[in-house]
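J.: Below you'll find run-v3.pdb; it's PDB, C-alpha atoms.
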```
ATOM      1  CA  MET P   1      98.026  97.574  80.839
ATOM      2  CA  GLY P   2     100.925  97.893  78.438
ATOM      3  CA  ASP P   3     101.957  97.439  74.837
ATOM      4  CA  SER P   4     103.297  94.704  72.563
ATOM      5  CA  PHE P   5     106.955  95.550  73.364
ATOM      6  CA  MET P   6     106.294  95.078  77.079
ATOM      7  CA  SER P   7     104.490  91.814  76.357
ATOM      8  CA  ALA P   8     107.384  90.519  74.252
ATOM      9  CA  LEU P   9     109.767  91.156  77.160
ATOM     10  CA  GLY P  10     107.413  89.667  79.748
ATOM     11  CA  LEU P  11     106.964  92.928  81.679
ATOM     12  CA  GLU P  12     104.041  93.405  84.039
ATOM     13  CA  VAL P  13     103.178  96.918  85.208
ATOM     14  CA  GLU P  14     101.021  98.444  87.890
ATOM     15  CA  VAL P  15     100.382 102.036  88.883
ATOM     16  CA  LEU P  16     100.760 102.176  92.647
ATOM     17  CA  ALA P  17      99.521 105.730  93.233
ATOM     18  CA  PRO P  18      99.701 109.092  91.462
ATOM     19  CA  GLY P  19     103.369 109.557  90.583
ATOM     20  CA  GLN P  20     104.360 105.951  91.347
ATOM     21  CA  ALA P  21     104.516 102.769  89.263
ATOM     22  CA  ARG P  22     106.231  99.392  89.285
ATOM     23  CA  THR P  23     107.243  96.859  86.644
ATOM     24  CA  ARG P  24     108.067  93.203  87.258
ATOM     25  CA  ALA P  25     109.772  90.581  85.139
ATOM     26  CA  THR P  26     111.736  87.375  85.417
ATOM     27  CA  VAL P  27     115.073  87.407  83.583
ATOM     28  CA  ARG P  28     114.853  84.897  80.735
ATOM     29  CA  PRO P  29     117.734  83.450  78.695
ATOM     30  CA  ASP P  30     116.794  85.761  75.811
ATOM     31  CA  HIS P  31     117.322  88.786  78.133
ATOM     32  CA  LEU P  32     121.021  87.960  78.628
ATOM     33  CA  ASN P  33     124.006  89.657  77.030
ATOM     34  CA  THR P  34     127.074  87.833  75.680
ATOM     35  CA  MET P  35     128.547  87.708  79.212
ATOM     36  CA  GLY P  36     125.535  85.813  80.582
ATOM     37  CA  MET P  37     124.155  88.771  82.555
ATOM     38  CA  ALA P  38     120.830  90.562  82.181
ATOM     39  CA  HIS P  39     121.262  92.940  79.250
ATOM     40  CA  GLY P  40     121.539  96.600  80.246
ATOM     41  CA  GLY P  41     118.840  97.416  77.718
ATOM     42  CA  PHE P  42     116.473  95.045  79.493
ATOM     43  CA  LEU P  43     117.116  96.703  82.876
ATOM     44  CA  TYR P  44     116.767 100.118  81.248
ATOM     45  CA  THR P  45     113.457  99.140  79.650
ATOM     46  CA  MET P  46     112.103  97.977  83.004
ATOM     47  CA  ALA P  47     113.017 101.301  84.642
ATOM     48  CA  ASP P  48     111.885 103.378  81.658
ATOM     49  CA  THR P  49     108.502 101.643  81.603
ATOM     50  CA  ALA P  50     107.936 102.285  85.321
ATOM     51  CA  PHE P  51     109.007 105.909  84.730
ATOM     52  CA  ALA P  52     106.563 106.275  81.830
ATOM     53  CA  PHE P  53     103.610 104.943  83.803
ATOM     54  CA  ALA P  54     104.473 106.973  86.913
ATOM     55  CA  SER P  55     104.853 110.200  84.944
ATOM     56  CA  ASN P  56     101.572 109.668  83.088
ATOM     57  CA  SER P  57      99.563 108.596  86.141
ATOM     58  CA  ARG P  58      98.120 112.038  86.867
ATOM     59  CA  GLY P  59      96.086 112.334  83.651
ATOM     60  CA  VAL P  60      98.413 114.825  81.944
ATOM     61  CA  PRO P  61     100.373 113.375  79.001
ATOM     62  CA  ALA P  62     104.102 113.382  79.725
ATOM     63  CA  VAL P  63     107.046 112.592  77.437
ATOM     64  CA  ALA P  64     110.677 112.017  78.384
ATOM     65  CA  ILE P  65     113.149 114.815  77.685
ATOM     66  CA  SER P  66     116.146 113.225  79.435
ATOM     67  CA  THR P  67     117.084 110.023  81.231
ATOM     68  CA  HIS P  68     120.123 108.584  82.960
ATOM     69  CA  MET P  69     120.882 105.075  84.236
ATOM     70  CA  ASP P  70     123.622 103.856  86.582
ATOM     71  CA  TYR P  71     124.260 100.107  86.611
ATOM     72  CA  LEU P  72     125.471  98.807  89.983
ATOM     73  CA  GLN P  73     125.178  95.014  89.899
ATOM     74  CA  ALA P  74     124.289  92.323  87.389
ATOM     75  CA  GLY P  75     121.059  90.406  87.071
ATOM     76  CA  HIS P  76     121.029  86.748  85.991
ATOM     77  CA  ALA P  77     118.662  84.261  84.364
ATOM     78  CA  GLY P  78     115.844  83.334  86.713
ATOM     79  CA  ASP P  79     116.081  86.526  88.806
ATOM     80  CA  HIS P  80     112.725  88.091  89.659
ATOM     81  CA  LEU P  81     113.227  91.815  89.142
ATOM     82  CA  GLU P  82     111.182  94.868  90.078
ATOM     83  CA  ALA P  83     111.610  98.452  88.931
ATOM     84  CA  THR P  84     109.797 101.008  91.062
ATOM     85  CA  ALA P  85     109.508 104.631  89.920
ATOM     86  CA  SER P  86     108.605 107.538  92.199
ATOM     87  CA  GLU P  87     107.997 111.208  91.580
ATOM     88  CA  VAL P  88     110.764 113.438  92.919
ATOM     89  CA  TYR P  89     109.478 116.767  91.569
ATOM     90  CA  LEU P  90     106.226 117.785  89.887
ATOM     91  CA  GLY P  91     106.016 121.158  88.210
ATOM     92  CA  TYR P  92     103.561 122.695  85.800
ATOM     93  CA  ARG P  93     105.552 121.757  82.679
ATOM     94  CA  THR P  94     108.150 119.270  83.956
ATOM     95  CA  GLY P  95     108.468 116.359  86.352
ATOM     96  CA  VAL P  96     111.456 114.427  87.669
ATOM     97  CA  TYR P  97     111.328 110.719  88.570
ATOM     98  CA  ARG P  98     113.678 108.180  90.102
ATOM     99  CA  ALA P  99     113.444 104.441  89.550
ATOM    100  CA  GLU P 100     115.308 101.599  91.213
ATOM    101  CA  VAL P 101     115.711  98.168  89.649
ATOM    102  CA  ARG P 102     116.037  95.457  92.301
ATOM    103  CA  ASN P 103     116.427  91.724  92.622
ATOM    104  CA  GLY P 104     114.834  91.326  96.044
ATOM    105  CA  ALA P 105     116.781  93.609  98.375
ATOM    106  CA  THR P 106     119.730  93.884  95.953
ATOM    107  CA  LEU P 107     119.875  97.195  94.070
ATOM    108  CA  LEU P 108     120.915  96.581  90.458
ATOM    109  CA  ALA P 109     120.421  99.997  88.867
ATOM    110  CA  ILE P 110     119.279 103.560  89.509
ATOM    111  CA  PHE P 111     117.415 105.520  86.827
ATOM    112  CA  THR P 112     116.470 109.200  86.766
ATOM    113  CA  GLY P 113     114.255 110.824  84.188
ATOM    114  CA  THR P 114     112.735 114.207  83.409
ATOM    115  CA  VAL P 115     109.479 114.637  81.517
ATOM    116  CA  TYR P 116     107.770 117.443  79.689
ATOM    117  CA  ARG P 117     104.130 117.619  80.780
ATOM    118  CA  LYS P 118     101.843 118.479  77.850
ATOM    119  CA  GLN P 119      99.368 120.716  79.682
ATOM    120  CA  GLY P 120      96.279 121.518  77.628
ATOM    121  CA  LYS P 121      93.933 124.447  78.066
ATOM    122  CA  GLN P 122      91.653 122.527  80.418
ATOM    123  CA  GLU P 123      94.499 121.234  82.599
ATOM    124  CA  ALA P 124      96.091 124.705  82.670
ATOM    125  CA  GLY P 125      92.868 126.276  83.890
ATOM    126  CA  ALA P 126      92.492 128.437  80.766
ATOM    127  CA  GLU P 127      89.105 128.952  79.194
ATOM    128  CA  GLU P 128      88.452 127.398  75.813
ATOM    129  CA  LYS P 129      87.949 129.878  72.997
TER     130      LYS P 129
END
```
In structure tokens, how does this file's structure come out?

T.:
Amino acid sequence: MGDSFMSALGLEVEVLAPGQARTRATVRPDHLNTMGMAHGGFLYTMADTAFAFASNSRGVPAVAISTHMDYLQAGHAGDHLEATASEVYLGYRTGVYRAEVRNGATLLAIFTGTVYRKQGKQEAGAEEK
């Protein structure tokens, strides 16, 4: 499950349940910024990927309309990270998700994202014409 970008970064993903997903990766030297810490873009991609899989796990296509990330602590080469996304709100046209990026018990970042759910006629309960 995934795409070539995820593969290039070494991300593994699993859908845990409807509205929940997790990504895993080990921080490699090529994931580090100039200060020797895990690049913020790498942490963001982990959270964003979990968010994408969680928000699309119910069979209705969903696309991000806004995201936000707070960075709390640094990750380092060799760290085994997990980003877990969970549904906070599910509406007819929108959904809100929260993801946490962790190194074991240590919280590195918190991500929130809102999606637009692309309901079709069948999903909306409307008859096809």

J.: Name every residue that the PyMOL selection byres ((chain P and resi 5-22) around 9) selects in this structure, writing the answer as a PDB file with C-alpha atoms, keeping the file's coordinate frame with chains first and numbers rising.

T.:
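result-v1.pdb written:
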```pdb
ATOM      1  CA  MET P   1      98.026  97.574  80.839  1.00  0.00           C
ATOM      2  CA  GLY P   2     100.925  97.893  78.438  1.00  0.00           C
ATOM      3  CA  ASP P   3     101.957  97.439  74.837  1.00  0.00           C
ATOM      4  CA  SER P   4     103.297  94.704  72.563  1.00  0.00           C
ATOM      5  CA  THR P  23     107.243  96.859  86.644  1.00  0.00           C
ATOM      6  CA  ARG P  24     108.067  93.203  87.258  1.00  0.00           C
ATOM      7  CA  ALA P  25     109.772  90.581  85.139  1.00  0.00           C
ATOM      8  CA  THR P  26     111.736  87.375  85.417  1.00  0.00           C
ATOM      9  CA  VAL P  27     115.073  87.407  83.583  1.00  0.00           C
ATOM     10  CA  ARG P  28     114.853  84.897  80.735  1.00  0.00           C
ATOM     11  CA  ASP P  30     116.794  85.761  75.811  1.00  0.00           C
ATOM     12  CA  HIS P  31     117.322  88.786  78.133  1.00  0.00           C
ATOM     13  CA  PHE P  42     116.473  95.045  79.493  1.00  0.00           C
ATOM     14  CA  THR P  45     113.457  99.140  79.650  1.00  0.00           C
ATOM     15  CA  MET P  46     112.103  97.977  83.004  1.00  0.00           C
ATOM     16  CA  ALA P  47     113.017 101.301  84.642  1.00  0.00           C
ATOM     17  CA  THR P  49     108.502 101.643  81.603  1.00  0.00           C
ATOM     18  CA  ALA P  50     107.936 102.285  85.321  1.00  0.00           C
ATOM     19  CA  PHE P  51     109.007 105.909  84.730  1.00  0.00           C
ATOM     20  CA  ALA P  52     106.563 106.275  81.830  1.00  0.00           C
ATOM     21  CA  PHE P  53     103.610 104.943  83.803  1.00  0.00           C
ATOM     22  CA  ALA P  54     104.473 106.973  86.913  1.00  0.00           C
ATOM     23  CA  SER P  55     104.853 110.200  84.944  1.00  0.00           C
ATOM     24  CA  ASN P  56     101.572 109.668  83.088  1.00  0.00           C
ATOM     25  CA  SER P  57      99.563 108.596  86.141  1.00  0.00           C
ATOM     26  CA  ARG P  58      98.120 112.038  86.867  1.00  0.00           C
ATOM     27  CA  GLU P  82     111.182  94.868  90.078  1.00  0.00           C
ATOM     28  CA  ALA P  83     111.610  98.452  88.931  1.00  0.00           C
ATOM     29  CA  THR P  84     109.797 101.008  91.062  1.00  0.00           C
ATOM     30  CA  ALA P  85     109.508 104.631  89.920  1.00  0.00           C
ATOM     31  CA  SER P  86     108.605 107.538  92.199  1.00  0.00           C
ATOM     32  CA  GLU P  87     107.997 111.208  91.580  1.00  0.00           C
ATOM     33  CA  VAL P  88     110.764 113.438  92.919  1.00  0.00           C
ATOM     34  CA  LEU P  90     106.226 117.785  89.887  1.00  0.00           C
ATOM     35  CA  TYR P  97     111.328 110.719  88.570  1.00  0.00           C
ATOM     36  CA  ALA P  99     113.444 104.441  89.550  1.00  0.00           C
TER      37      ALA P  99
END
```

J.: Within 12 Å of (122.1, 91.9, 80.7) (coordinates as in the file), grab all the protein and nucleic acid residues, counting all atoms listed in the file, and write them out as an NGL selection string.

T.: :P and (27-46 or 71 or 73-77 or 79 or 108-109)

J.: Figure out the distance between atom CA of P:Met69 and atom CA of P:Tyr116, please, to one decimal in Å.

T.: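 Atom-to-atom, atom CA of P:Tyr116 and atom CA of P:Met69 are spaced 18.6 Å apart.
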
J.: For the point (110.1, 122.5, 82.9) in the file's frame, write as a list in words all residues with an atom no more than 12 Å away, counting all atoms listed in the file.

T.: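 Checked against the point, the hits come out as Ala62, Val63, Ala64, Ile65, Ser66, Tyr89, Leu90, Gly91, Tyr92, Arg93, Thr94, Gly95, Val96, Thr114, Val115, Tyr116, Arg117, Lys118 and Gln119 of chain P.
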
J.: Quote the spacing between atom CA of P:Ile110 and atom CA of P:Leu81 in Å to one decimal place.

T.: 13.2 Å

J.: Name every residue that the PyMOL selection byres ((chain P and resi 68) around 8) selects in this structure, writing the answer as a list of chain:residue names with chains first and numbers rising.

T.: P:Ser66, P:Thr67, P:Met69, P:Asp70, P:Phe111, P:Thr112, P:Gly113
